[in-house]
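To start, the structure under review is shown below, and the notes come after it.
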Amino acid sequence: MTVPSPGVPNWVDLATADLDDAIRFYTALFGWNAEISGDDFGGYTTFQLNGLPVAGAGPLFGEGQPTAWSTYIATTDADAVAARVEGALGKVLVPPFDVMDQGRMAAFLDPAGAPFSTWEAGMMRGAEVFDLPGSLTWNELNTRDLDGAMAFYGSVFGWTFRQSGVTGLPYVICERDHVPVAGMQLMVGSGWPDDLPAHWLVYFAVGDCDASAEHAFALGGRIVHPPTTIAAGRYAVLADPQGGMFAILAKRR
């Protein structure tokens with residue numbers, strides 16, 4: 001994957017209850033370097049791999065907000081996306097606003113309540129490394145309403161969809177101009193607690209899924225779903241010490 005075009009996930013960041021510990025955990029796990037911004041950006045941290053940005057992290061902004069990773073989808077017009085979100089029965093959580101000269105962002109809920117954001121690039125384009133170990137490799141919506149999700153994201157971002165048996169359960173590949181950009185998974189069965197809301201899950205590439213899961217555990221994280229082999233490779237779902245969930249994927253060679 002190259003630097004994303006409009007309608008493609010182009011950034012992920014972590015809102016965390018303990019930024020210092022998150023920096024410790026993720027730099028050790030993925031070999032990232034942490035570039036911490038000044039007061040103008042509230043200590044926002046950009047994680048870098050080989051000198052290039054791969055992800056971000058910052059403190060929580062609201063009382064009761066859980067530690068969580070957010071998916072950002074690239075756009076050239078955040079205001080137009082906000083209008084389409086409202087027209088498709090989503091909710092604008094944070095209207096589009098300028099982040100200095102870095103870009104323009106907005107935050108939304110889809111009709112099932114899954115949060116996501118958009119990024120309109122300025123000086124900061126988004127992630128510049130994808131699919132290499134330690135970088136973003138996939139974004140996946142977990143929802144109890146696949147039909148509603150396809151209608152919504154198709155309307156907002158122009159995605160098209162095809163069914164896939166990648167997990168053995170109902171799974172949808174989202175495409176933009178016939179190129180896969182994200183996935184959607186139906187939350188069915190005993191593995192999905194009733195109180196778990198719809199959400200976007202971020203996947204980071206690793207060279208060895210089992211070793212990376214063990215490393216995350218040794219660093220104080222939790223293995224939510226143990227390493228499992230699927231058609232795409234071997235993946236696991238993990239949680240950092242503050243509870244932020246993410247996945248790792250060692251792609252099949």
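A note on labels: chains of the structure tokens are A, B, ... as shown, every chain counts residues from 1, and ligands are counted from 1 in their shown order.
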
Using 10 Å as the limit and counting only C-alpha atoms, can you tabulate each residue of stretch 84-185 of chain A that touches stretch 29-32 of chain A, with its shortest atom-to-atom distance in Å and the two atoms involved, as CSV?
```
residue,atom,partner,partner_atom,distance
A:Pro133,CA,A:Phe30,CA,7.6
A:Gly134,CA,A:Phe30,CA,4.8
A:Ser135,CA,A:Phe30,CA,8.2
```

Exercise for review: Find the spatial neighbours of A:Leu169, counting only C-alpha atoms, within a cut-off of 12 Å - ignore same-chain residues fewer than 2 positions away - and output them as a PyMOL selection string.
Suggested key: chain A and resi 142+163-167+171-172+184-189+191+230

Practice item. Check the smallest atom-to-atom distance from each of A:Val99, A:Leu136, A:Ala68, A:Ala88 to A:Met150 using only C-alpha atoms, then report the winner. Key: A:Ala88

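Distances here use only C-alpha atoms; by that measure, the residue among A:Ala57, A:Ala198, A:Met105, A:Ile23 closest to A:Ala80 is A:Met105.
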
Practice item. Could you tell me, as a ChimeraX atom specification, which residues of stretch 20-239 of chain A DSSP assigns to helix (DSSP H, G or I) when given the backbone? Key: /A:20-30,39-41,78-87,146-157,209-218

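Around stretch 5-10 of chain A, within 7 Å and counting only C-alpha atoms, the residues found are Thr71, Tyr72, Ile73, Ala74, Thr75, Thr76, Gly126, Ala127, Phe157, Arg176 and Val181 of chain A, once anything fewer than 4 positions away on its own chain is removed.
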